Each structure stands twice: as structure tokens, then as C-alpha cells.
>>> print(open('model_30.txt').read())   # compact mmCIF, C-alpha atoms
# COMPACT_ATOMS: atom_id res chain seq x y z
CA MET A 1 94.86 88.13 114.89
CA ILE A 2 93.15 85.41 112.77
CA LYS A 3 89.79 84.39 114.21
CA SER A 4 88.61 81.83 111.65
CA ASN A 5 89.37 80.41 108.22
CA TYR A 6 86.67 79.50 105.69
CA THR A 7 86.86 77.59 102.43
CA GLY A 8 84.08 78.03 99.92
CA LEU A 9 81.26 75.85 98.72
CA ARG A 10 81.49 75.39 94.95
CA HIS A 11 78.35 75.50 92.80
CA GLY A 12 79.07 75.83 89.10
CA PRO A 13 81.46 78.72 88.43
CA ILE A 14 80.72 80.30 91.84
CA ASN A 15 82.53 79.71 95.12
CA SER A 16 80.46 80.93 98.10
CA PHE A 17 81.96 81.69 101.52
CA ILE A 18 79.22 83.18 103.71
CA ARG A 19 76.54 80.78 104.94
CA GLN A 20 73.96 80.45 107.70
CA ASP A 21 76.58 79.17 110.16
CA ASN A 22 78.89 82.18 109.83
CA MET A 23 76.56 84.97 108.74
CA GLN A 24 76.12 86.41 112.23
CA GLN A 25 79.88 86.44 112.77
CA LEU A 26 80.40 88.38 109.52
CA ASN A 27 77.48 90.82 110.07
CA PRO A 28 76.73 93.03 108.10
CA PHE A 29 78.20 90.92 105.27
CA VAL A 30 75.67 88.32 104.16
CA MET A 31 77.25 87.02 100.92
CA TRP A 32 80.75 86.79 99.42
CA ASP A 33 80.86 85.00 96.07
CA HIS A 34 83.86 84.52 93.78
CA PHE A 35 82.78 83.95 90.16
CA GLN A 36 85.31 82.32 87.81
CA LEU A 37 84.63 80.86 84.37
CA ASN A 38 86.74 79.86 81.38
CA SER A 39 84.58 79.39 78.33
CA THR A 40 84.65 79.22 74.55
CA GLN A 41 81.93 81.89 74.62
CA THR A 42 82.61 85.61 75.02
CA GLU A 43 79.50 86.35 77.10
CA ALA A 44 78.26 85.11 80.47
CA GLY A 45 76.06 86.43 83.24
CA PHE A 46 72.77 86.40 85.08
CA ASP A 47 69.36 87.29 83.64
CA PHE A 48 66.84 89.46 85.49
CA HIS A 49 66.35 88.42 89.12
CA GLY A 50 65.21 90.20 92.27
CA HIS A 51 66.48 91.17 95.73
CA SER A 52 65.25 93.15 98.70
CA GLY A 53 66.78 94.29 101.98
CA ILE A 54 70.38 94.08 100.75
CA ALA A 55 73.03 96.08 98.93
CA ALA A 56 75.03 94.20 96.30
CA ILE A 57 78.55 95.34 95.42
CA THR A 58 79.94 93.83 92.21
CA TYR A 59 83.67 94.03 91.47
CA VAL A 60 84.78 92.73 88.07
CA ILE A 61 88.36 91.45 87.92
CA HIS A 62 88.34 90.20 84.32
CA ALA A 63 85.52 91.08 81.87
CA ASP A 64 83.46 94.07 80.91
CA LEU A 65 80.14 94.50 82.70
CA THR A 66 76.73 95.59 81.41
CA HIS A 67 74.12 96.33 84.08
CA GLN A 68 70.35 96.79 83.73
CA ASP A 69 67.78 97.18 86.51
CA SER A 70 64.12 97.84 87.23
CA GLN A 71 64.87 101.49 88.08
CA GLY A 72 65.73 102.07 84.42
CA ASN A 73 69.50 102.19 84.93
CA VAL A 74 71.72 100.88 82.15
CA ALA A 75 75.49 100.98 82.59
CA LYS A 76 78.49 99.60 80.70
CA LEU A 77 81.66 99.34 82.77
CA PRO A 78 85.15 98.08 81.80
CA THR A 79 87.11 95.43 83.67
CA GLY A 80 88.25 96.54 87.11
CA SER A 81 85.09 98.56 87.76
CA VAL A 82 82.73 98.51 90.74
CA GLN A 83 78.98 98.92 91.03
CA LEU A 84 76.58 99.21 93.95
CA LEU A 85 72.91 98.21 93.81
CA VAL A 86 70.91 99.05 96.92
CA ALA A 87 67.82 96.86 96.56
CA GLY A 88 65.81 98.41 99.39
CA ALA A 89 62.18 97.28 99.32
CA GLY A 90 62.75 95.47 96.03
CA ALA A 91 64.70 95.66 92.78
CA LEU A 92 65.39 93.55 89.70
CA HIS A 93 68.74 93.53 87.91
CA LYS A 94 70.55 91.78 85.08
CA GLU A 95 74.34 91.46 84.78
CA THR A 96 76.12 90.55 81.55
CA LEU A 97 79.87 89.92 81.43
CA THR A 98 81.79 90.18 78.15
CA SER A 99 85.32 88.84 77.66
CA GLN A 100 87.13 88.46 74.37
CA ASP A 101 89.33 85.62 75.68
CA GLY A 102 86.50 83.69 77.40
CA HIS A 103 87.90 84.26 80.91
CA PHE A 104 85.49 85.76 83.43
CA GLU A 105 86.20 86.68 87.03
CA ALA A 106 84.21 88.81 89.47
CA PHE A 107 83.23 89.17 93.11
CA GLN A 108 79.86 89.95 94.59
CA LEU A 109 79.57 91.18 98.15
CA TRP A 110 76.20 91.66 99.83
CA THR A 111 75.60 93.73 102.93
CA ALA A 112 72.47 93.87 105.01
CA LEU A 113 70.83 97.29 105.21
CA PRO A 114 70.13 99.22 108.44
CA LYS A 115 66.65 98.53 109.77
CA ASN A 116 65.40 102.07 109.24
CA ILE A 117 66.19 102.00 105.49
CA GLU A 118 65.94 98.32 104.49
CA MET A 119 62.53 99.05 102.94
CA GLY A 120 63.63 102.27 101.23
CA GLU A 121 63.91 103.06 97.54
CA ALA A 122 66.31 101.15 95.31
CA ARG A 123 69.30 103.00 93.87
CA TYR A 124 72.29 102.24 91.65
CA GLN A 125 75.82 103.59 91.23
CA GLY A 126 78.53 102.38 88.89
CA VAL A 127 82.13 103.63 88.88
CA SER A 128 84.59 102.90 86.09
CA SER A 129 88.00 101.44 86.95
CA GLU A 130 89.78 104.63 85.84
CA ASP A 131 87.87 106.61 88.48
CA LEU A 132 88.76 104.34 91.42
CA PRO A 133 91.72 105.69 93.43
CA ILE A 134 94.87 103.60 93.83
CA ILE A 135 97.35 104.46 96.58
CA LYS A 136 100.90 103.33 95.73
CA GLU A 137 103.45 102.80 98.49
CA LEU A 138 106.70 100.80 98.67
CA ASN A 139 106.05 97.54 96.72
CA THR A 140 102.31 97.85 97.46
CA SER A 141 99.22 99.33 95.86
CA THR A 142 95.81 99.72 97.47
CA LYS A 143 92.80 100.12 95.20
CA ILE A 144 89.91 101.73 97.08
CA LEU A 145 86.66 100.14 95.92
CA VAL A 146 84.45 101.41 98.75
CA GLY A 147 85.26 103.62 101.72
CA GLU A 148 88.47 105.46 102.53
CA TYR A 149 92.20 104.76 102.75
CA ALA A 150 95.03 107.18 103.62
CA GLY A 151 92.56 110.06 103.54
CA ILE A 152 91.37 109.24 99.99
CA LYS A 153 87.75 108.22 99.40
CA SER A 154 86.17 106.00 96.76
CA PRO A 155 83.47 107.60 94.58
CA ILE A 156 81.14 104.74 95.60
CA SER A 157 78.75 105.99 98.26
CA HIS A 158 77.42 103.19 100.45
CA ILE A 159 74.82 103.56 103.19
CA ILE A 160 76.79 101.63 105.78
CA ASP A 161 80.20 102.39 107.30
CA MET A 162 82.63 100.10 105.45
CA ASN A 163 85.94 99.80 103.59
CA TYR A 164 86.68 97.50 100.66
CA TYR A 165 90.23 97.35 99.21
CA HIS A 166 92.11 95.35 96.59
CA ILE A 167 95.78 95.20 97.64
CA THR A 168 98.70 94.10 95.46
CA LEU A 169 102.12 93.24 96.94
CA SER A 170 104.57 93.27 94.03
CA ALA A 171 107.55 91.54 95.68
CA ARG A 172 108.05 88.75 98.18
CA GLY A 173 108.52 90.26 101.63
CA ALA A 174 106.51 93.37 100.78
CA ASN A 175 104.61 94.65 103.78
CA TRP A 176 101.12 96.19 104.01
CA ARG A 177 100.26 97.76 107.36
CA TYR A 178 96.84 99.07 108.29
CA ALA A 179 95.20 100.26 111.50
CA PRO A 180 91.51 99.28 111.32
CA THR A 181 89.01 101.61 112.97
CA PRO A 182 87.49 100.08 116.13
CA GLU A 183 84.00 100.89 114.84
CA GLN A 184 84.47 98.60 111.83
CA ASP A 185 84.53 95.48 113.98
CA SER A 186 83.61 92.96 111.25
CA ARG A 187 86.67 92.25 109.06
CA PHE A 188 87.85 89.67 106.60
CA ILE A 189 90.65 89.04 104.12
CA TYR A 190 90.43 86.98 100.93
CA VAL A 191 93.61 85.90 99.14
CA LEU A 192 93.25 86.27 95.40
CA LYS A 193 96.74 85.39 94.13
CA GLY A 194 100.03 84.18 95.56
CA GLY A 195 100.33 83.84 99.32
CA ILE A 196 100.47 86.09 102.36
CA SER A 197 101.19 85.74 106.04
CA ILE A 198 99.31 87.39 108.89
CA SER A 199 101.27 87.56 112.16
CA GLY A 200 103.47 84.73 110.91
CA GLU A 201 100.58 82.47 109.86
CA ARG A 202 100.50 81.73 106.15
CA VAL A 203 97.24 82.01 104.21
CA ALA A 204 96.76 80.33 100.84
CA THR A 205 94.69 81.48 97.88
CA GLN A 206 90.90 81.43 97.89
CA GLN A 207 90.49 81.39 101.65
CA LEU A 208 88.36 83.82 103.64
CA ILE A 209 90.03 84.82 106.91
CA THR A 210 88.22 86.77 109.62
CA ILE A 211 90.34 89.20 111.62
CA ASP A 212 90.02 90.22 115.28
CA ASN A 213 90.21 93.71 116.78
CA ALA A 214 94.00 94.08 116.62
CA ALA A 215 95.23 97.68 116.74
CA MET A 216 97.55 97.11 113.74
CA LEU A 217 97.20 94.66 110.88
CA GLU A 218 100.42 93.58 109.14
CA ILE A 219 100.36 91.53 105.94
CA ILE A 220 103.57 90.17 104.39
CA ALA A 221 103.83 88.75 100.86
CA GLU A 222 105.10 85.16 100.70
CA THR A 223 105.43 85.33 96.89
CA ASP A 224 105.90 87.96 94.22
CA ASN A 225 102.72 89.58 92.90
CA SER A 226 100.47 88.49 95.75
CA GLU A 227 96.99 89.99 95.81
CA PHE A 228 94.29 90.03 98.47
CA ILE A 229 90.99 91.69 99.30
CA PHE A 230 90.42 93.44 102.62
CA VAL A 231 86.88 94.24 103.76
CA SER A 232 85.67 95.78 107.01
CA ALA A 233 82.44 97.31 108.30
CA ALA A 234 80.56 98.23 111.44
CA SER A 235 78.23 95.44 112.56
CA LEU A 236 74.51 96.17 112.52
CA ALA A 237 72.74 95.71 115.85
CA GLN A 238 69.65 94.07 114.40
CA PRO A 239 68.27 90.65 113.41
CA ILE A 240 69.55 89.21 110.13
CA LEU A 241 67.03 86.90 108.50
CA PRO A 242 68.08 85.51 105.10
CA THR A 243 65.34 84.35 102.75
CA GLY A 244 67.16 83.24 99.61
CA PRO A 245 67.89 86.28 97.44
CA SER A 246 66.89 88.74 100.17
CA VAL A 247 67.82 89.59 103.77
CA HIS A 248 65.59 91.43 106.23
CA THR A 249 65.14 92.15 109.92
CA SER A 250 61.68 90.55 109.99
CA TYR A 251 59.73 87.99 108.02
CA GLU A 252 57.01 90.62 107.54
CA ASN A 253 59.46 92.82 105.62
CA ALA A 254 60.71 89.78 103.71
CA LYS A 255 57.14 89.02 102.61
CA ILE A 256 56.61 92.61 101.46
CA GLY A 257 59.89 92.50 99.57
CA GLN A 258 58.87 89.27 97.86
CA GLN A 259 55.55 90.82 96.83
CA ASN A 260 57.31 93.91 95.48
CA ILE A 261 59.70 91.78 93.42
CA ALA A 262 56.78 89.79 91.98
CA GLN A 263 55.05 93.03 91.02
CA LEU A 264 58.20 94.34 89.33
CA PHE A 265 58.40 91.17 87.23
CA LYS A 266 54.74 91.62 86.19
CA THR A 267 55.37 95.24 85.24
CA MET A 268 58.44 94.39 83.17
CA MET A 269 56.61 91.62 81.32
CA LYS A 270 53.92 93.99 80.06
>>> encode(input="model_30.txt", output="C-alpha cells")
Amino acid sequence: MIKSNYTGLRHGPINSFIRQDNMQQLNPFVMWDHFQLNSTQTEAGFDFHGHSGIAAITYVIHADLTHQDSQGNVAKLPTGSVQLLVAGAGALHKETLTSQDGHFEAFQLWTALPKNIEMGEARYQGVSSEDLPIIKELNTSTKILVGEYAGIKSPISHIIDMNYYHITLSARGANWRYAPTPEQDSRFIYVLKGGISISGERVATQQLITIDNAAMLEIIAETDNSEFIFVSAASLAQPILPTGPSVHTSYENAKIGQQNIAQLFKTMMK
């Protein structure tokens, strides 16, 4: 059931789990960052910066989010919301987190884009927490960030075939069962709070666990109020070439993306 277990590399308030040595295994996922900060300030974030060839999904656990990008989009989303930025051939964005108690927590997940659209137009979609479906079952709740669960779809419309859930198990011994689709052959779990076991093997907090092609996935809570993230997607049959803030199928496309980002910066500075 469990294929591998990864601990993150800490840099500042960010813990990163996807690197050059496991990127191909996690294809099409090319970044998974957990951002946590406790501060005396009520605002944190990242100023304008550029990407190309990727889609960035931001999920804010604790803080309100203000988004701005080079396409002219401006969005203000409350805690618990999700946004999707498809960078395509190049896009700039700025993310500002606001928290009255100085606690900030968010995830950013990047996916590569299919070769035929990696150099397409950038687009943005933000969905407020109140519009994200939550499926409640016995001692469990499944928040659908992207994709579909139990026949219910998230409003977020991604280009690639994927599912992204936030699951809460309210009581010790609570059981979450899920039959992954064979097509979504790249899967991982990240434990956010408490502890869980997968096929009898316990998994602690802040570990990324890759999952094999089992017909049925069964997660059992080892503590009350355990929470974890489940992500799955269909692998992309194409080269994955990371170049810092961008990922492409060729260095030629990466160069074009870099040029486009530079031009966007020049345009915004005018």
C-alpha cells in the first residue's frame, strides 16, 4: 500500500516535499509546500514573481488570501478557500495572507501542464471556502478542493485529471475508505494533524506518503480529530524539466517562458 515516505526540507516558514529525486515518481506533481508562520505581524506573503509551464493550487488553512496577477485578476478569499493559477506560457502573481492572530498556514501544490497546452494562455480561478463541497459520513468529512468525490464535483476546474481532498476523522478509530481510479496512478497522502494508519502502518504528522495502485484505500484515525490531505492524478507521459519557478517539457519552452516573464515584469513597471 505505502510505496515511500518523505520528510520535508525546511527553508524559513516553508517545508518542501517534492524535489529532483522524487519528482518523476510523483508526476504530474512538481511541488508540494507547507507554509506555516507564527508572527507578531498580521500580514505575510509573497510579492510579484513569475511562473510558466505549471498550474499552482493554493489552499489556505489559516489566514485570508488576497491574490493579484498579470492577467488583471484581483481576488480576496477567506480562510479555507482554494485558488488555481494556470501559468501557461508565463504569468506573474502576488499572494498576501492576512491573519488577525499572526498565525498563517497554507499549502501550495504545483502540477505540470500537458505538453499541448503548457505554452497556452494564463488563467485564474478562486473559490471561497463556503462554495467548496464537504461530504459528511460517519465520523468523517471530506472537503473537495479539486476533482470529484461521491459524485460531487469541486467548482475548481483544472486542466488535468486529478482529485484533491482534505479529510477530517473526528474520533479515534474512524475509518475513511476510498477506491482510487486506476487512471489516477500518482497518489500521495499528507498528515496534517493527529495520526493515521494505512494498512496497519502508522503515519505521523507532516509526512508525505506515496500510495500504490491498491483497489481500496483504508485510512484509520489513531487519534481524535486527525486530518490528512489526499491527492491523486493521472501521470503525464512527457518529459518534466524543472527550471526553478517553472517546469516545461523542453528547454526551448523554458527559455520562451523566461522571456515572457521578463517582458511581463517590464510591462508592469511602466
>>> residues_around(input="model_30.txt", residues="A:Leu138", least_positions_apart="2", cutoff="12 Å", atoms="only C-alpha atoms", output="list in words")
Ile135, Lys136, Thr140, Ser141, Thr142, Thr168, Leu169, Ser170, Ala171, Gly173, Ala174, Asn175, Trp176 and Arg177 of chain A
>>> closest_residue(input="model_30.txt", among="A:Pro239, A:Gly194, A:Pro180, A:Pro78", to="A:Glu218", atoms="only C-alpha atoms")
A:Pro180
>>> atom_distance(input="model_30.txt", atom1="atom CA of A:Gly53", atom2="atom CA of A:Thr267")
20.3 Å
>>> residues_around(input="model_30.txt", residues="A:Gln68", least_positions_apart="5", cutoff="12 Å", atoms="all atoms listed in the file", output="PyMOL selection string")
chain A and resi 45-50+73-77+83+85+91-97+123-126
>>> write_last_selection(input="model_30.txt", atoms="C-alpha atoms", output="mmCIF file, keeping the file's coordinate frame")
data_model
loop_
_atom_site.group_PDB
_atom_site.id
_atom_site.type_symbol
_atom_site.label_atom_id
_atom_site.label_comp_id
_atom_site.auth_asym_id
_atom_site.auth_seq_id
_atom_site.Cartn_x
_atom_site.Cartn_y
_atom_site.Cartn_z
ATOM 1 C CA GLY A 45 76.060 86.430 83.240
ATOM 2 C CA PHE A 46 72.770 86.400 85.080
ATOM 3 C CA ASP A 47 69.360 87.290 83.640
ATOM 4 C CA PHE A 48 66.840 89.460 85.490
ATOM 5 C CA HIS A 49 66.350 88.420 89.120
ATOM 6 C CA GLY A 50 65.210 90.200 92.270
ATOM 7 C CA ASN A 73 69.500 102.190 84.930
ATOM 8 C CA VAL A 74 71.720 100.880 82.150
ATOM 9 C CA ALA A 75 75.490 100.980 82.590
ATOM 10 C CA LYS A 76 78.490 99.600 80.700
ATOM 11 C CA LEU A 77 81.660 99.340 82.770
ATOM 12 C CA GLN A 83 78.980 98.920 91.030
ATOM 13 C CA LEU A 85 72.910 98.210 93.810
ATOM 14 C CA ALA A 91 64.700 95.660 92.780
ATOM 15 C CA LEU A 92 65.390 93.550 89.700
ATOM 16 C CA HIS A 93 68.740 93.530 87.910
ATOM 17 C CA LYS A 94 70.550 91.780 85.080
ATOM 18 C CA GLU A 95 74.340 91.460 84.780
ATOM 19 C CA THR A 96 76.120 90.550 81.550
ATOM 20 C CA LEU A 97 79.870 89.920 81.430
ATOM 21 C CA ARG A 123 69.300 103.000 93.870
ATOM 22 C CA TYR A 124 72.290 102.240 91.650
ATOM 23 C CA GLN A 125 75.820 103.590 91.230
ATOM 24 C CA GLY A 126 78.530 102.380 88.890
#
>>> atom_distance(input="model_30.txt", atom1="atom CA of A:Asn5", atom2="atom CA of A:His103")
27.6 Å
>>> residues_around(input="model_30.txt", residues="A:Val30", least_positions_apart="4", cutoff="7 Å", atoms="only C-alpha atoms", output="number ranges by chain")
A: 18, 23, 110-112
>>> residues_around(input="model_30.txt", residues="A:Ser4", least_positions_apart="5", cutoff="9 Å", atoms="only C-alpha atoms", output="JSON, numbers by chain")
{"A": [208, 209, 210, 211]}
>>> atom_distance(input="model_30.txt", atom1="atom CA of A:His51", atom2="atom CA of A:Asp185")
26.0 Å
>>> residues_around(input="model_30.txt", residues="A:Ile134", least_positions_apart="2", cutoff="10 Å", atoms="all atoms listed in the file", output="list in words")
Ser129, Glu130, Asp131, Leu132, Lys136, Glu137, Ser141, Thr142, Lys143, Ile144, Leu145, Tyr149, Ile152, Ser154, Tyr165, His166 and Ile167 of chain A
>>> closest_residue(input="model_30.txt", among="A:Ala122, A:Asn38, A:Ser70, A:Ile196", to="A:Lys266", atoms="all atoms listed in the file")
A:Ser70
>>> closest_residue(input="model_30.txt", among="A:Asp212, A:Gly12, A:Ile156, A:Gly195", to="A:Thr181", atoms="only C-alpha atoms")
A:Asp212
>>> closest_residue(input="model_30.txt", among="A:His62, A:Arg172, A:Arg10, A:Lys153", to="A:Asn139", atoms="all atoms listed in the file")
A:Arg172
